[in-house]
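Data block below; observations after.
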Amino acid sequence: MADEALVKNKQVVLKNYVNAGLPKESDMEIKEKSIQLKVPEGTKDAILVKNLYLSCDPYMRNRMKKLEDSYVPSFEPGSAISGYGVAKVVDSTHPEYKNGDLVWGTTGWEEYSLLTAPGILFKIQHTDVPLTYYTGLLGMAGMTAYTGFYEICTPKKGEYVYVSAASGAVGQLVGQFAKLLGCYVVGSAGSKEKIDLLKNKFGFDGAFNYKEEPDLDAALKRYFPEGIDIYFENVGGKMLDAVLLNMRVHGRIAVCGMISQYNNDKPEATHNLMYIIPKRVRMQGFIVTDFYHLYPKYLEMVIPSIKEGKITYIEDVAEGIESAPTALIGLFIGRNVGKQLVVVSRD
């Protein structure tokens, strides 16, 4: 194989497991290795990709821990971390992929990745929308919002919907899907800028800054005097406890994430679970990968809404792979506004 095909490959590497507390930029490092821009001789069903955009997602925090029995494996200290991204196929021995194909799915946090058994990977068919959308709106975050809201919560027009972490990659979409259906929607977030976005950009009926509410139960009663039909759960902790006091009969809670708990050594207790009995509330956790067979159905629904300007999507863009550790850590302190992504390369 010719030497000229050997290129430098910067990677984001986890130094050691971070089992408790807030991860720091210094828990990761940028390392430079070399890679052949060709699938190794004799390797079947593999593709080599050039990574364009990487997605920063809250579930990645748990992968920094040493996990047992998890739906997703731990990162390997000393190796490049992995996550969702958008990439271009550079070389392929896989019958379904050819050079130049654009894909989104699981890839390495590095400039080039050799995917020897492509797992979650979708070919990008619609290139008349921004490619970055496949890290969020048209990728895992969009599917998460769609699945949790439509499949888990089975919403009806006129219902009362509450979304926590509402300005994030998933929350901003849940709110807009609910509005398109004719629901009343309120969201919470952690800054004035985010609250303004929810009301003025995403069309929520109401929004509040949870950091300025000493009594979350009172805040929810203010916005939902009749109670909550659907709660899209992203944060857990005290917020979930307050919501449980305010659910309506036959309410539904889609448990997507609990970002307030990810850095705790011991999770906070939930005190108000007994209220789901008299209110007949259905509370269900879900993992989006179980629903990827619905992706074509999701695209059918969402692409026209994007083109008609009925769906808005806000992205927080970090430039260069060197900025990836800081961008990822920012998720856990609420630094990002909208979908956090990292640009590795634009071509």
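FYI, nothing fancy with the structure tokens labels: chains A, B, ... in order, residues from 1 per chain, ligands from 1 as they appear.
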Gly330 (chain A): which residues within 12 Å, counting only C-alpha atoms, same-chain residues fewer than 2 positions away excluded, as a PyMOL selection string? chain A and resi 22-25+56-58+61+316-318+323-328+332-341
Which residues are near region 126-138 of chain A? Cut-off 8 Å, only C-alpha atoms, ignore same chain within fewer than 5 positions. Put them as an NGL selection string. :A and (53-55 or 84-86 or 104 or 143 or 169-170 or 173 or 299 or 313 or 339 or 341)
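If you measure from each of A:Glu268, A:Asp196, A:Ser82, A:Gly168 to Glu315 (chain A) using only C-alpha atoms, the closest one turns out to be A:Gly168.
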Using DSSP secondary structure from the backbone, list all strand (DSSP E) positions within region 93-125 of chain A, as a ChimeraX atom specification. /A:102-108,112-115,121-123
Take the residues just selected and output them with C-alpha atoms as a PDB file, in the first residue's frame.
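Output file selection00.pdb is given in full below:
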```pdb
ATOM      1  CA  LEU A 102     -22.764  10.762   3.204  1.00  0.00           C
ATOM      2  CA  VAL A 103     -23.840   8.935   6.367  1.00  0.00           C
ATOM      3  CA  TRP A 104     -24.932   9.653   9.930  1.00  0.00           C
ATOM      4  CA  GLY A 105     -24.676   7.333  12.901  1.00  0.00           C
ATOM      5  CA  THR A 106     -22.076   6.009  15.330  1.00  0.00           C
ATOM      6  CA  THR A 107     -18.500   6.993  14.575  1.00  0.00           C
ATOM      7  CA  GLY A 108     -15.261   7.832  16.372  1.00  0.00           C
ATOM      8  CA  TYR A 112     -11.078   9.561  10.216  1.00  0.00           C
ATOM      9  CA  SER A 113     -12.708   6.348  11.443  1.00  0.00           C
ATOM     10  CA  LEU A 114     -12.459   2.772  10.229  1.00  0.00           C
ATOM     11  CA  LEU A 115     -15.878   1.212  10.876  1.00  0.00           C
ATOM     12  CA  LEU A 121     -25.494   4.008  10.296  1.00  0.00           C
ATOM     13  CA  PHE A 122     -27.929   5.680   7.909  1.00  0.00           C
ATOM     14  CA  LYS A 123     -27.265   6.918   4.399  1.00  0.00           C
TER      15      LYS A 123
END
```
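For the set A:Ile152, A:Lys157, A:Ile228, A:Met274, the residue with the smallest atom-to-atom gap to Gly187 (chain A) is A:Ile228, counting only C-alpha atoms.
Closest approach to Lys201 (chain A) among A:Met60, A:Gly78, A:Asp241, A:Gln172 is made by A:Gln172 (distances from only C-alpha atoms).
CA of Phe286 (chain A) to CA of Val174 (chain A) spans 15.0 Å [interatomic distance, one decimal].
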I want to know what sits within 7 Å of Lys98 (chain A), based on only C-alpha atoms, with residues of the same chain fewer than 3 positions away left out; could you give that as a VMD selection string? chain A and resid 89 92 101
Please provide the set of residues having any atom within 6 Å of region 30-41 of chain A, restricted to only C-alpha atoms, with same-chain residues fewer than 2 positions apart removed, written as a PyMOL selection string. chain A and resi 5-12+43+91
Output for the residues just chosen: all heavy atoms as a PDB file, in the first residue's frame:
```
ATOM      1  N   ALA A   5      -0.823   7.405   1.151  1.00  0.00           N
ATOM      2  CA  ALA A   5      -2.202   7.312   1.658  1.00  0.00           C
ATOM      3  C   ALA A   5      -2.257   7.391   3.186  1.00  0.00           C
ATOM      4  O   ALA A   5      -3.321   7.310   3.771  1.00  0.00           O
ATOM      5  CB  ALA A   5      -2.848   6.022   1.184  1.00  0.00           C
ATOM      6  N   LEU A   6      -1.085   7.548   3.837  1.00  0.00           N
ATOM      7  CA  LEU A   6      -1.036   7.650   5.305  1.00  0.00           C
ATOM      8  C   LEU A   6      -1.255   9.110   5.703  1.00  0.00           C
ATOM      9  O   LEU A   6      -0.534   9.991   5.228  1.00  0.00           O
ATOM     10  CB  LEU A   6       0.337   7.161   5.798  1.00  0.00           C
ATOM     11  CG  LEU A   6       0.449   6.739   7.254  1.00  0.00           C
ATOM     12  CD1 LEU A   6      -0.394   5.503   7.515  1.00  0.00           C
ATOM     13  CD2 LEU A   6       1.907   6.458   7.607  1.00  0.00           C
ATOM     14  N   VAL A   7      -2.269   9.357   6.541  1.00  0.00           N
ATOM     15  CA  VAL A   7      -2.531  10.740   6.969  1.00  0.00           C
ATOM     16  C   VAL A   7      -2.587  10.818   8.496  1.00  0.00           C
ATOM     17  O   VAL A   7      -2.789   9.814   9.178  1.00  0.00           O
ATOM     18  CB  VAL A   7      -3.861  11.286   6.387  1.00  0.00           C
ATOM     19  CG1 VAL A   7      -3.798  11.384   4.874  1.00  0.00           C
ATOM     20  CG2 VAL A   7      -5.044  10.451   6.832  1.00  0.00           C
ATOM     21  N   LYS A   8      -2.417  12.035   9.006  1.00  0.00           N
ATOM     22  CA  LYS A   8      -2.535  12.257  10.454  1.00  0.00           C
ATOM     23  C   LYS A   8      -4.007  12.194  10.844  1.00  0.00           C
ATOM     24  O   LYS A   8      -4.879  12.618  10.080  1.00  0.00           O
ATOM     25  CB  LYS A   8      -1.943  13.619  10.822  1.00  0.00           C
ATOM     26  CG  LYS A   8      -0.425  13.653  10.708  1.00  0.00           C
ATOM     27  CD  LYS A   8       0.107  15.043  10.971  1.00  0.00           C
ATOM     28  CE  LYS A   8       1.629  15.026  10.874  1.00  0.00           C
ATOM     29  NZ  LYS A   8       2.197  16.386  10.883  1.00  0.00           N
ATOM     30  N   ASN A   9      -4.246  11.675  12.046  1.00  0.00           N
ATOM     31  CA  ASN A   9      -5.626  11.495  12.507  1.00  0.00           C
ATOM     32  C   ASN A   9      -5.726  11.938  13.962  1.00  0.00           C
ATOM     33  O   ASN A   9      -5.344  11.204  14.873  1.00  0.00           O
ATOM     34  CB  ASN A   9      -6.029  10.018  12.366  1.00  0.00           C
ATOM     35  CG  ASN A   9      -7.512   9.804  12.650  1.00  0.00           C
ATOM     36  OD1 ASN A   9      -8.315  10.708  12.462  1.00  0.00           O
ATOM     37  ND2 ASN A   9      -7.863   8.611  13.107  1.00  0.00           N
ATOM     38  N   LYS A  10      -6.229  13.148  14.189  1.00  0.00           N
ATOM     39  CA  LYS A  10      -6.408  13.634  15.561  1.00  0.00           C
ATOM     40  C   LYS A  10      -7.608  12.942  16.186  1.00  0.00           C
ATOM     41  O   LYS A  10      -8.649  12.799  15.532  1.00  0.00           O
ATOM     42  CB  LYS A  10      -6.635  15.147  15.562  1.00  0.00           C
ATOM     43  CG  LYS A  10      -5.369  15.950  15.361  1.00  0.00           C
ATOM     44  CD  LYS A  10      -5.681  17.436  15.455  1.00  0.00           C
ATOM     45  CE  LYS A  10      -4.494  18.257  15.014  1.00  0.00           C
ATOM     46  NZ  LYS A  10      -4.882  19.633  14.677  1.00  0.00           N
ATOM     47  N   GLN A  11      -7.456  12.557  17.455  1.00  0.00           N
ATOM     48  CA  GLN A  11      -8.524  11.839  18.168  1.00  0.00           C
ATOM     49  C   GLN A  11      -8.781  12.493  19.523  1.00  0.00           C
ATOM     50  O   GLN A  11      -7.859  13.045  20.134  1.00  0.00           O
ATOM     51  CB  GLN A  11      -8.094  10.388  18.444  1.00  0.00           C
ATOM     52  CG  GLN A  11      -7.745   9.580  17.216  1.00  0.00           C
ATOM     53  CD  GLN A  11      -7.309   8.168  17.591  1.00  0.00           C
ATOM     54  OE1 GLN A  11      -6.568   7.970  18.552  1.00  0.00           O
ATOM     55  NE2 GLN A  11      -7.761   7.187  16.830  1.00  0.00           N
ATOM     56  N   VAL A  12     -10.038  12.395  19.999  1.00  0.00           N
ATOM     57  CA  VAL A  12     -10.371  12.771  21.383  1.00  0.00           C
ATOM     58  C   VAL A  12     -10.348  11.485  22.204  1.00  0.00           C
ATOM     59  O   VAL A  12     -11.128  10.558  21.943  1.00  0.00           O
ATOM     60  CB  VAL A  12     -11.754  13.435  21.480  1.00  0.00           C
ATOM     61  CG1 VAL A  12     -12.069  13.801  22.936  1.00  0.00           C
ATOM     62  CG2 VAL A  12     -11.822  14.666  20.587  1.00  0.00           C
ATOM     63  N   THR A  43     -10.231  -6.962   4.611  1.00  0.00           N
ATOM     64  CA  THR A  43     -11.272  -6.639   5.591  1.00  0.00           C
ATOM     65  C   THR A  43     -12.596  -6.447   4.862  1.00  0.00           C
ATOM     66  O   THR A  43     -12.752  -5.522   4.077  1.00  0.00           O
ATOM     67  CB  THR A  43     -10.923  -5.353   6.380  1.00  0.00           C
ATOM     68  OG1 THR A  43      -9.605  -5.471   6.880  1.00  0.00           O
ATOM     69  CG2 THR A  43     -11.887  -5.130   7.530  1.00  0.00           C
ATOM     70  N   ASP A  91     -13.494   5.168   1.674  1.00  0.00           N
ATOM     71  CA  ASP A  91     -13.197   3.867   1.066  1.00  0.00           C
ATOM     72  C   ASP A  91     -14.168   2.847   1.651  1.00  0.00           C
ATOM     73  O   ASP A  91     -14.598   2.981   2.806  1.00  0.00           O
ATOM     74  CB  ASP A  91     -11.741   3.456   1.351  1.00  0.00           C
ATOM     75  CG  ASP A  91     -11.314   2.231   0.521  1.00  0.00           C
ATOM     76  OD1 ASP A  91     -11.762   2.126  -0.642  1.00  0.00           O
ATOM     77  OD2 ASP A  91     -10.547   1.400   1.041  1.00  0.00           O
TER      78      ASP A  91
END
```
Just the number, please: distance in Å from CA of Ala46 (chain A) to CA of Asn99 (chain A), one decimal. 11.9 Å
Can you work out the spacing between CA of Asp217 (chain A) and CA of Asn62 (chain A) in Å, to one decimal? 29.0 Å
